[in-house]
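Visitor: Pasting coords.tsv here (TSV, C-alpha atoms and all ligand atoms):
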chain	number	residue	atom	x	y	z
A	16	MET	CA	-0.53	3.24	-5.72
A	17	LYS	CA	-3.55	1.05	-6.32
A	18	ILE	CA	-5.09	-1.16	-3.66
A	19	GLY	CA	-7.79	-3.73	-4.38
A	20	LEU	CA	-10.55	-4.33	-1.85
A	21	VAL	CA	-11.18	-8.06	-1.58
A	22	GLY	CA	-13.10	-10.29	0.82
A	23	PHE	CA	-16.02	-12.67	1.03
A	24	ALA	CA	-19.52	-11.61	-0.06
A	25	ALA	CA	-21.15	-8.87	2.00
A	26	SER	CA	-18.09	-8.39	4.22
A	27	GLY	CA	-18.47	-4.66	3.61
A	28	LYS	CA	-15.98	-4.03	0.77
A	29	THR	CA	-18.17	-1.43	-0.92
A	30	SER	CA	-19.03	0.20	2.42
A	31	VAL	CA	-15.31	0.43	3.26
A	32	PHE	CA	-14.59	1.76	-0.23
A	33	SER	CA	-17.14	4.55	0.21
A	34	ALA	CA	-16.07	5.33	3.78
A	35	LEU	CA	-12.39	5.61	2.87
A	36	THR	CA	-12.73	7.43	-0.43
A	37	GLY	CA	-15.98	9.32	-0.02
A	38	ALA	CA	-16.83	8.04	-3.50
A	39	GLU	CA	-19.85	6.02	-4.49
A	40	SER	CA	-19.01	2.67	-5.97
A	41	GLY	CA	-21.37	2.41	-8.90
A	42	GLY	CA	-21.00	-1.34	-8.61
A	43	GLY	CA	-19.70	-1.47	-12.16
A	44	LYS	CA	-16.52	-3.27	-13.08
A	45	GLY	CA	-13.49	-1.98	-11.20
A	46	ALA	CA	-14.91	1.12	-9.51
A	47	LEU	CA	-12.05	3.44	-8.56
A	48	GLY	CA	-11.80	5.96	-5.74
A	49	THR	CA	-8.82	8.08	-4.77
A	50	VAL	CA	-7.70	9.56	-1.47
A	51	HIS	CA	-5.00	12.14	-0.91
A	52	VAL	CA	-2.32	11.35	1.59
A	53	PRO	CA	-2.33	14.26	4.05
A	54	ASP	CA	1.17	15.63	4.57
A	55	ALA	CA	1.90	18.64	6.79
A	56	ARG	CA	5.22	19.12	4.99
A	57	VAL	CA	3.42	19.69	1.71
A	58	ASP	CA	1.11	22.18	3.43
A	59	ARG	CA	4.06	24.09	4.88
A	60	LEU	CA	6.01	24.18	1.61
A	61	ALA	CA	2.88	25.36	-0.19
A	62	GLU	CA	2.60	28.23	2.30
A	63	MET	CA	6.19	29.19	1.52
A	64	TRP	CA	5.82	29.03	-2.25
A	65	SER	CA	2.15	29.73	-3.03
A	66	PRO	CA	2.62	27.41	-6.03
A	67	ARG	CA	0.23	27.17	-8.96
A	68	LYS	CA	-0.37	23.56	-8.04
A	69	THR	CA	-0.11	21.51	-4.85
A	70	THR	CA	-0.03	17.75	-5.25
A	71	TYR	CA	-0.30	15.19	-2.48
A	72	ALA	CA	0.53	11.52	-2.82
A	73	GLU	CA	-2.51	9.43	-3.72
A	74	ILE	CA	-3.88	6.03	-2.96
A	75	THR	CA	-6.43	4.62	-5.35
A	76	PHE	CA	-8.85	1.95	-4.19
A	77	GLU	CA	-10.51	-0.50	-6.52
A	78	ASP	CA	-13.80	-2.18	-5.63
A	79	PHE	CA	-15.01	-5.40	-7.24
A	80	PRO	CA	-18.52	-5.56	-8.70
A	81	PRO	CA	-21.12	-6.88	-6.22
A	82	GLY	CA	-21.44	-10.65	-6.27
A	83	SER	CA	-17.82	-11.22	-7.34
A	84	PHE	CA	-17.02	-13.14	-4.15
A	85	ALA	CA	-19.09	-15.96	-2.70
A	86	ALA	CA	-19.82	-16.21	1.03
A	87	HIS	CA	-17.12	-18.77	1.78
A	88	ALA	CA	-15.18	-19.24	-1.42
A	89	ILE	CA	-13.42	-17.40	-4.22
A	90	ALA	CA	-14.10	-18.34	-7.83
A	91	ALA	CA	-11.10	-19.11	-10.02
A	92	SER	CA	-11.87	-16.12	-12.27
A	93	VAL	CA	-11.84	-13.76	-9.28
A	94	LEU	CA	-8.58	-15.27	-8.03
A	95	GLY	CA	-7.23	-14.48	-11.48
A	96	GLU	CA	-8.35	-10.86	-11.27
A	97	MET	CA	-6.86	-10.55	-7.80
A	98	ARG	CA	-3.52	-11.68	-9.19
A	99	THR	CA	-3.24	-8.51	-11.26
A	100	LEU	CA	-3.43	-6.26	-8.17
A	101	ASP	CA	-0.30	-4.93	-6.42
A	102	VAL	CA	-1.65	-4.58	-2.91
A	103	LEU	CA	-4.66	-6.25	-1.34
A	104	ALA	CA	-6.91	-4.83	1.37
A	105	GLU	CA	-8.83	-7.77	2.71
A	106	VAL	CA	-12.15	-6.76	4.26
A	107	VAL	CA	-13.36	-9.07	7.02
A	108	ASP	CA	-16.92	-8.98	8.36
A	109	GLY	CA	-16.62	-8.07	12.03
A	110	PHE	CA	-20.14	-6.70	12.39
A	111	SER	CA	-22.67	-9.45	11.60
A	112	ASP	CA	-21.59	-11.83	14.42
A	113	GLY	CA	-19.63	-9.22	16.30
A	114	ILE	CA	-15.90	-9.02	16.48
A	115	GLU	CA	-15.58	-12.54	17.92
A	116	GLY	CA	-16.73	-14.02	14.63
A	117	ALA	CA	-14.13	-12.15	12.58
A	118	ALA	CA	-11.05	-14.29	13.30
A	119	ALA	CA	-12.59	-17.44	11.82
A	120	LYS	CA	-13.73	-15.51	8.74
A	121	ALA	CA	-10.25	-14.07	8.21
A	122	GLU	CA	-8.75	-17.52	8.61
A	123	ALA	CA	-11.16	-18.93	6.02
A	124	PHE	CA	-10.21	-16.22	3.55
A	125	HIS	CA	-6.48	-16.79	4.11
A	126	ALA	CA	-7.05	-20.50	3.50
A	127	GLU	CA	-8.64	-19.67	0.12
A	128	LEU	CA	-5.61	-17.63	-0.90
A	129	LEU	CA	-3.21	-20.37	0.21
A	130	LEU	CA	-5.22	-22.95	-1.74
A	131	GLY	CA	-5.32	-20.72	-4.80
A	132	ASP	CA	-1.53	-20.44	-4.77
A	133	LEU	CA	-1.10	-24.12	-4.03
A	134	GLY	CA	-3.17	-24.91	-7.12
A	135	ILE	CA	-0.79	-22.91	-9.29
A	136	VAL	CA	2.30	-24.46	-7.71
A	137	GLU	CA	0.97	-27.99	-8.26
A	138	LYS	CA	-0.04	-27.33	-11.84
A	139	ARG	CA	3.39	-25.99	-12.62
A	140	LEU	CA	5.17	-28.85	-10.82
A	141	GLU	CA	3.09	-31.28	-12.81
A	142	ARG	CA	4.21	-29.63	-16.06
A	143	LEU	CA	7.81	-29.69	-14.90
A	144	THR	CA	7.70	-33.48	-14.89
A	145	ARG	CA	7.39	-33.20	-18.69
A	146	GLU	CA	9.28	-30.03	-19.55
A	147	LYS	CA	12.41	-28.36	-18.38
A	148	GLY	CA	11.87	-25.22	-16.34
A	149	ARG	CA	14.30	-22.58	-15.20
A	150	ALA	CA	17.36	-23.64	-13.23
A	151	GLY	CA	16.27	-24.36	-9.66
A	152	GLU	CA	12.60	-23.70	-10.42
A	153	LYS	CA	11.39	-27.17	-9.46
A	154	GLU	CA	13.19	-27.16	-6.10
A	155	LEU	CA	11.93	-23.65	-5.38
A	156	LEU	CA	8.32	-24.59	-6.16
A	157	GLU	CA	8.62	-27.65	-3.97
A	158	ARG	CA	9.67	-25.38	-1.13
A	159	CYS	CA	6.66	-23.19	-1.90
A	160	ARG	CA	4.42	-26.23	-1.74
A	161	VAL	CA	5.76	-27.19	1.67
A	162	ALA	CA	5.25	-23.65	2.95
A	163	LEU	CA	1.67	-23.41	1.66
A	164	GLU	CA	0.77	-26.87	2.97
A	165	SER	CA	1.99	-25.86	6.41
A	166	ASP	CA	-0.20	-22.73	6.38
A	167	ARG	CA	2.61	-20.29	5.62
A	168	GLU	CA	2.23	-17.57	3.04
A	169	LEU	CA	4.89	-17.29	0.35
A	170	ARG	CA	5.69	-13.80	1.62
A	171	GLN	CA	6.96	-15.46	4.79
A	172	MET	CA	9.53	-17.57	3.00
A	173	ASP	CA	13.16	-16.56	2.91
A	174	LEU	CA	13.59	-15.82	-0.77
A	175	SER	CA	16.68	-14.56	-2.52
A	176	GLU	CA	16.32	-11.87	-5.15
A	177	SER	CA	16.67	-14.35	-7.98
A	178	GLU	CA	14.08	-16.64	-6.37
A	179	GLN	CA	11.68	-13.73	-6.09
A	180	GLU	CA	12.34	-13.02	-9.75
A	181	THR	CA	11.55	-16.65	-10.64
A	182	LEU	CA	8.27	-16.48	-8.69
A	183	SER	CA	7.18	-13.05	-9.92
A	184	GLY	CA	5.66	-14.37	-13.14
A	185	PHE	CA	3.16	-16.52	-11.24
A	186	GLN	CA	1.54	-13.50	-9.53
A	187	PHE	CA	1.06	-15.47	-6.32
A	188	LEU	CA	-1.57	-13.97	-4.02
A	189	THR	CA	0.20	-14.78	-0.77
A	190	LEU	CA	3.30	-12.99	-2.03
A	191	LYS	CA	1.44	-9.68	-2.31
A	192	PRO	CA	1.45	-7.12	0.48
A	193	ARG	CA	-1.90	-7.37	2.25
A	194	ILE	CA	-3.73	-5.39	4.91
A	195	VAL	CA	-6.59	-6.96	6.85
A	196	VAL	CA	-9.41	-4.47	7.35
A	197	VAL	CA	-11.74	-5.64	10.10
A	198	ASN	CA	-15.06	-3.95	9.43
A	199	VAL	CA	-16.74	-3.76	12.82
A	200	GLY	CA	-19.96	-2.34	14.23
A	201	GLU	CA	-19.82	1.10	15.83
A	202	VAL	CA	-19.66	-0.38	19.37
A	203	ASP	CA	-16.42	-2.18	18.48
A	204	ALA	CA	-14.80	0.72	16.66
A	205	ALA	CA	-11.99	1.01	19.22
A	206	SER	CA	-11.48	-2.75	19.62
A	207	ASP	CA	-8.02	-4.10	18.89
A	208	ALA	CA	-9.52	-7.21	17.24
A	209	ALA	CA	-7.11	-9.45	19.15
A	210	GLY	CA	-8.32	-12.66	17.51
A	211	VAL	CA	-7.78	-11.39	13.98
A	212	ARG	CA	-4.46	-9.88	14.98
A	213	ARG	CA	-3.13	-13.19	16.29
A	214	ASN	CA	-4.00	-14.85	13.02
A	215	ALA	CA	-2.62	-11.92	11.02
A	216	ASP	CA	0.66	-11.99	12.95
A	217	GLN	CA	1.06	-15.65	12.09
A	218	HIS	CA	0.70	-14.78	8.43
A	219	GLY	CA	2.80	-11.61	8.53
A	220	LEU	CA	-0.09	-9.23	7.85
A	221	GLU	CA	-1.03	-5.76	9.07
A	222	VAL	CA	-4.46	-5.07	10.59
A	223	VAL	CA	-6.70	-2.00	10.55
A	224	VAL	CA	-9.94	-2.00	12.55
A	225	MET	CA	-12.68	0.31	11.31
A	226	SER	CA	-16.40	0.78	11.31
A	227	ALA	CA	-17.56	1.74	7.82
A	228	PRO	CA	-20.80	3.50	8.87
A	229	LEU	CA	-18.97	5.43	11.58
A	230	GLU	CA	-16.28	6.56	9.14
A	231	SER	CA	-18.90	7.69	6.68
A	232	GLU	CA	-20.48	9.81	9.41
A	233	LEU	CA	-17.06	11.18	10.35
A	234	ALA	CA	-16.44	12.21	6.76
A	235	ARG	CA	-19.60	14.33	6.77
A	236	LEU	CA	-18.53	16.34	9.84
A	237	ALA	CA	-16.79	19.70	9.72
A	238	ALA	CA	-13.07	19.47	10.51
A	239	GLY	CA	-13.55	21.14	13.91
A	240	GLU	CA	-16.07	18.52	15.05
A	241	ARG	CA	-14.11	15.40	14.15
A	242	GLN	CA	-11.82	15.08	17.15
A	243	GLU	CA	-14.67	15.12	19.64
A	244	PHE	CA	-16.66	12.64	17.58
A	245	LEU	CA	-13.67	10.30	17.48
A	246	SER	CA	-12.99	10.50	21.20
A	247	ASP	CA	-16.66	9.71	21.90
A	248	TYR	CA	-15.85	6.34	20.32
A	249	GLY	CA	-12.50	5.99	22.06
A	250	LEU	CA	-10.57	6.67	18.85
A	251	GLU	CA	-7.60	8.94	18.30
A	252	SER	CA	-7.73	9.14	14.54
A	253	GLY	CA	-9.97	8.29	11.62
A	254	ALA	CA	-9.65	5.05	9.68
A	255	ARG	CA	-8.45	6.75	6.52
A	256	GLU	CA	-5.45	8.17	8.37
A	257	ARG	CA	-4.72	4.85	10.09
A	258	PHE	CA	-5.10	2.94	6.86
A	259	ILE	CA	-2.66	5.24	5.07
A	260	ALA	CA	-0.10	5.00	7.88
A	261	THR	CA	-0.39	1.20	7.85
A	262	CYS	CA	0.03	1.15	4.11
A	263	TYR	CA	3.22	3.24	4.22
A	264	HIS	CA	4.58	1.05	6.99
A	265	LEU	CA	3.70	-2.19	5.20
A	266	LEU	CA	5.19	-1.09	1.89
A	267	ASP	CA	8.12	0.65	3.60
A	268	LEU	CA	7.44	3.92	1.80
A	269	ILE	CA	9.10	7.26	2.44
A	270	THR	CA	8.42	10.61	0.82
A	271	PHE	CA	10.60	13.07	-1.00
A	272	LEU	CA	9.38	16.52	-1.91
A	273	THR	CA	9.77	18.94	-4.77
A	274	ALA	CA	9.01	22.61	-4.29
A	275	GLY	CA	8.88	25.64	-6.55
A	276	GLU	CA	6.48	28.26	-7.84
A	277	ASP	CA	4.96	25.83	-10.34
A	278	GLU	CA	4.26	22.99	-7.99
A	279	VAL	CA	4.81	21.66	-4.50
A	280	ARG	CA	4.56	17.90	-4.53
A	281	ALA	CA	5.02	14.77	-2.41
A	282	TRP	CA	6.54	11.69	-4.07
A	283	PRO	CA	6.25	8.31	-2.34
A	284	ILE	CA	9.16	5.91	-2.91
A	285	HIS	CA	10.40	2.71	-1.34
A	286	ARG	CA	12.99	3.14	1.37
A	287	GLY	CA	16.41	2.54	-0.17
A	288	THR	CA	15.55	4.15	-3.54
A	289	THR	CA	18.54	5.88	-5.16
A	290	ALA	CA	18.48	9.44	-6.47
A	291	VAL	CA	18.43	8.37	-10.12
A	292	ASN	CA	15.49	6.00	-9.52
A	293	ALA	CA	13.65	8.69	-7.56
A	294	ALA	CA	14.22	11.03	-10.52
A	295	SER	CA	12.62	8.49	-12.85
A	296	LYS	CA	9.38	8.78	-10.84
A	297	ILE	CA	9.15	12.37	-12.01
A	298	HIS	CA	10.18	11.75	-15.60
A	299	SER	CA	12.30	9.18	-17.41
A	300	ASP	CA	14.19	12.07	-19.12
A	301	ILE	CA	15.38	13.36	-15.76
A	302	ALA	CA	16.78	9.94	-14.91
A	303	ARG	CA	18.35	9.52	-18.36
A	304	GLY	CA	20.04	12.93	-18.31
A	305	PHE	CA	20.75	12.87	-14.57
A	306	ILE	CA	23.57	15.20	-13.50
A	307	ARG	CA	23.03	15.57	-9.77
A	308	ALA	CA	20.43	15.98	-7.06
A	309	GLU	CA	20.45	19.12	-4.93
A	310	VAL	CA	19.05	18.01	-1.62
A	311	ILE	CA	17.92	19.92	1.48
A	312	ALA	CA	16.46	18.13	4.50
A	313	TYR	CA	12.90	19.33	5.13
A	314	ASP	CA	13.69	20.55	8.67
A	315	ASP	CA	16.56	22.70	7.39
A	316	TYR	CA	14.39	23.97	4.56
A	317	VAL	CA	11.63	25.29	6.80
A	318	GLY	CA	14.01	26.14	9.66
A	319	LEU	CA	16.17	28.42	7.52
A	320	GLY	CA	13.21	29.57	5.46
A	321	SER	CA	14.58	29.49	1.91
A	322	GLU	CA	16.83	27.61	-0.48
A	323	ALA	CA	19.26	30.53	-0.60
A	324	ALA	CA	19.64	30.48	3.19
A	325	CYS	CA	20.19	26.71	3.10
A	326	ARG	CA	22.81	27.09	0.39
A	327	GLN	CA	24.65	29.73	2.44
A	328	ALA	CA	24.50	27.61	5.58
A	329	GLY	CA	25.93	24.62	3.69
A	330	LYS	CA	22.69	22.68	4.10
A	331	LEU	CA	22.15	22.17	0.38
A	332	LYS	CA	23.99	18.99	-0.58
A	333	MET	CA	24.99	17.91	-4.07
A	334	GLN	CA	24.28	14.20	-4.41
A	335	GLY	CA	25.08	11.73	-7.19
A	336	ARG	CA	22.99	9.02	-8.87
A	337	GLU	CA	23.58	6.42	-6.18
A	338	TYR	CA	22.66	8.65	-3.24
A	339	VAL	CA	20.02	6.87	-1.13
A	340	MET	CA	17.02	9.14	-0.69
A	341	ARG	CA	15.82	10.02	2.79
A	342	ASP	CA	12.35	10.78	4.07
A	343	GLY	CA	11.68	14.51	3.80
A	344	ASP	CA	14.41	15.33	1.29
A	345	VAL	CA	13.45	18.43	-0.69
A	346	VAL	CA	15.07	17.93	-4.09
A	347	HIS	CA	15.95	19.64	-7.33
A	348	PHE	CA	17.23	17.25	-9.95
A	349	ARG	CA	19.72	18.72	-12.41
A	350	PHE	CA	19.71	16.98	-15.76
A	351	ASN	CA	20.29	17.56	-19.44
A	352	VAL	CA	18.62	15.93	-22.40
A	401	LIG	N1	-24.35	-3.03	10.63
A	401	LIG	C1	-23.40	-2.92	9.70
A	401	LIG	N2	-23.71	-3.24	8.45
A	401	LIG	C2	-22.75	-3.15	7.51
A	401	LIG	C3	-21.43	-2.70	7.81
A	401	LIG	N3	-20.70	-2.72	6.67
A	401	LIG	C4	-21.53	-3.16	5.71
A	401	LIG	N4	-22.76	-3.41	6.19
A	401	LIG	C5	-23.93	-3.93	5.46
A	401	LIG	O1	-23.60	-5.19	4.91
A	401	LIG	C6	-24.13	-5.33	3.60
A	401	LIG	C7	-23.05	-5.62	2.61
A	401	LIG	O2	-22.17	-4.51	2.55
A	401	LIG	P1	-21.33	-4.18	1.24
A	401	LIG	O3	-20.47	-3.04	1.58
A	401	LIG	O4	-22.21	-4.06	0.07
A	401	LIG	O5	-20.50	-5.54	1.14
A	401	LIG	P2	-19.61	-6.03	-0.07
A	401	LIG	O6	-18.48	-6.79	0.53
A	401	LIG	O7	-19.27	-4.91	-0.97
A	401	LIG	O8	-20.59	-7.05	-0.78
A	401	LIG	P3	-20.39	-7.71	-2.23
A	401	LIG	O9	-19.74	-6.69	-3.10
A	401	LIG	O10	-21.74	-8.08	-2.70
A	401	LIG	O11	-19.54	-8.92	-2.02
A	401	LIG	C8	-24.87	-4.04	3.31
A	401	LIG	O12	-26.22	-4.23	3.60
A	401	LIG	C9	-24.24	-3.04	4.27
A	401	LIG	O13	-25.15	-2.02	4.62
A	401	LIG	C10	-21.15	-2.38	9.16
A	401	LIG	O14	-20.04	-1.99	9.52
A	401	LIG	N5	-22.18	-2.49	10.06
A	402	MG	MG	-19.50	-4.68	-3.00
I need this file expressed as structure tokens, please.
Ligand SMILES: Nc1nc2c(ncn2[C@@H]2O[C@H](COP(=O)(O)OP(=O)(O)OP(=O)(O)O)[C@@H](O)[C@H]2O)c(=O)[nH]1
Ligand SMILES: [Mg+2]

Guide:
Amino acid sequence: MKIGLVGFAASGKTSVFSALTGAESGGGKGALGTVHVPDARVDRLAEMWSPRKTTYAEITFEDFPPGSFAAHAIAASVLGEMRTLDVLAEVVDGFSDGIEGAAAKAEAFHAELLLGDLGIVEKRLERLTREKGRAGEKELLERCRVALESDRELRQMDLSESEQETLSGFQFLTLKPRIVVVNVGEVDAASDAAGVRRNADQHGLEVVVMSAPLESELARLAAGERQEFLSDYGLESGARERFIATCYHLLDLITFLTAGEDEVRAWPIHRGTTAVNAASKIHSDIARGFIRAEVIAYDDYVGLGSEAACRQAGKLKMQGREYVMRDGDVVHFRFNV
């Protein structure tokens, strides 16, 4: 999963990038940094198997080169680059004028995204006066225009699957999942950023409050010292952990697991994914030659201690292609090619 860090100039995108990933952003084009998604289930399965390889889910962050964003506006070329991203993390400056100043800055950024999308809608509608579009396209875009003009993001519209399909080619920014990261000074680290949250709620967005310098300090501490450091600031968990949890919630992700002596691995999928589509995450051959999925719930797996014990206790279930995967399923896919 790749998440782009966006936001007005000097809002702290690069600081947040470094704090979350521990990587330096060279400032070159599209700097990338990856974090592992901690998962106690992976740890436990790895203890059971001592596999050659243990693989956690990953989130990759992309930072824009410095100077990409202006202080109060977004250039058309940058809007274009943002359109290619799947998920946006919008960094809002909550440190330079304190947390009180952040809500207006977030609002200004949201307005830029709405305007950017409105520009595309209007251009297309203008063309549609001369050429014939898809069935229903004009009416749909007119609804989009009304939504954007009344300060609603396209994500907040009620769209059928076919309407979503019609809109997907435009890569609208306000249709993308987006997390607002309020980058605050250390004194405000435990603030709930109520002002930003009100605005975010109106636009259907998730909010994470963090202090980039504080998180960078946290990352340098030994594991045993972190909890005390956090509670000194009134925090229960680090920003990386909170960001990841928010991300999974926003994207409605669950995890299935594979375990064996070669590898123990976590696989993030959207809730509602079927067994055959989950199999395709591992390899397209497994999906193509799909025979069945042998599924054990994680709790049974560790409770009974082995696959053989689960099989004997009737806890290993044979599932077909259309089985809907559940969080914590430990799976072997049977297939032939
Ligand atoms: N006091 C304080 N300063 C910060 C914080 N976050 C960032 N800064 C400072 O703000 C300035 C800009 O931070 P960057 O992380 O480079 O911001 P950016 O959004 O990447 O900037 P551009 O890429 O140029 O748009 C730097 O001088 C940082 O040291 C913060 O939480 N507190
Ligand atoms: Mg930067």

Visitor: Could the residues that lie within 10 Å of ligand LIG 401 (chain A), counting only C-alpha atoms and all ligand atoms, be listed as a PyMOL selection string?

Guide: chain A and resi 20-34+40+42+78-86+105-113+197-204+225-230

Visitor: Identify which of the residues A:Lys138, A:Arg213, A:Lys68, A:His87 lies closest to A:Ala118, counting all atoms listed in the file when measuring atom-to-atom distances.

Guide: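 That would be A:Arg213, the residue with the smallest distance to A:Ala118.
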
Visitor: Here is a test: counting all atoms listed in the file, which residue of A:Cys159, A:Leu133, A:Val279, A:Val346 is nearest to A:Arg67?

Guide: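 For A:Arg67, the nearest of the given residues is A:Val279.
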
Visitor: Show which residues sit within 7 Å of A:His347, as a CSV table (one decimal) with C-alpha atoms, in the frame of the given file. Count only C-alpha atoms, and ignore same-chain residues fewer than 2 positions away.

Guide:
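In the end it all went to around.csv:
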chain,number,residue,atom,x,y,z
A,273,THR,CA,9.8,18.9,-4.8
A,308,ALA,CA,20.4,16.0,-7.1
A,309,GLU,CA,20.4,19.1,-4.9
A,310,VAL,CA,19.0,18.0,-1.6
A,349,ARG,CA,19.7,18.7,-12.4

Visitor: Atom CA of A:Phe76 and atom CA of A:Leu233, how far apart in Å?

Guide: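 Here the two named atoms are 19.1 Å from each other.
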
Visitor: Between A:Val195, A:Val345, A:Leu140, A:Ile259, which is the closest to A:His51 once you count only C-alpha atoms?

Guide: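 Comparing A:Val195, A:Val345, A:Leu140, A:Ile259 against A:His51, the winner is A:Ile259.
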
Visitor: Give me, as number ranges by chain, all polymer residues having an atom no more than 9 Å from A:Leu143, counting all atoms listed in the file and skipping those fewer than 5 positions away in the same chain.

Guide: A: 138, 148, 152-153
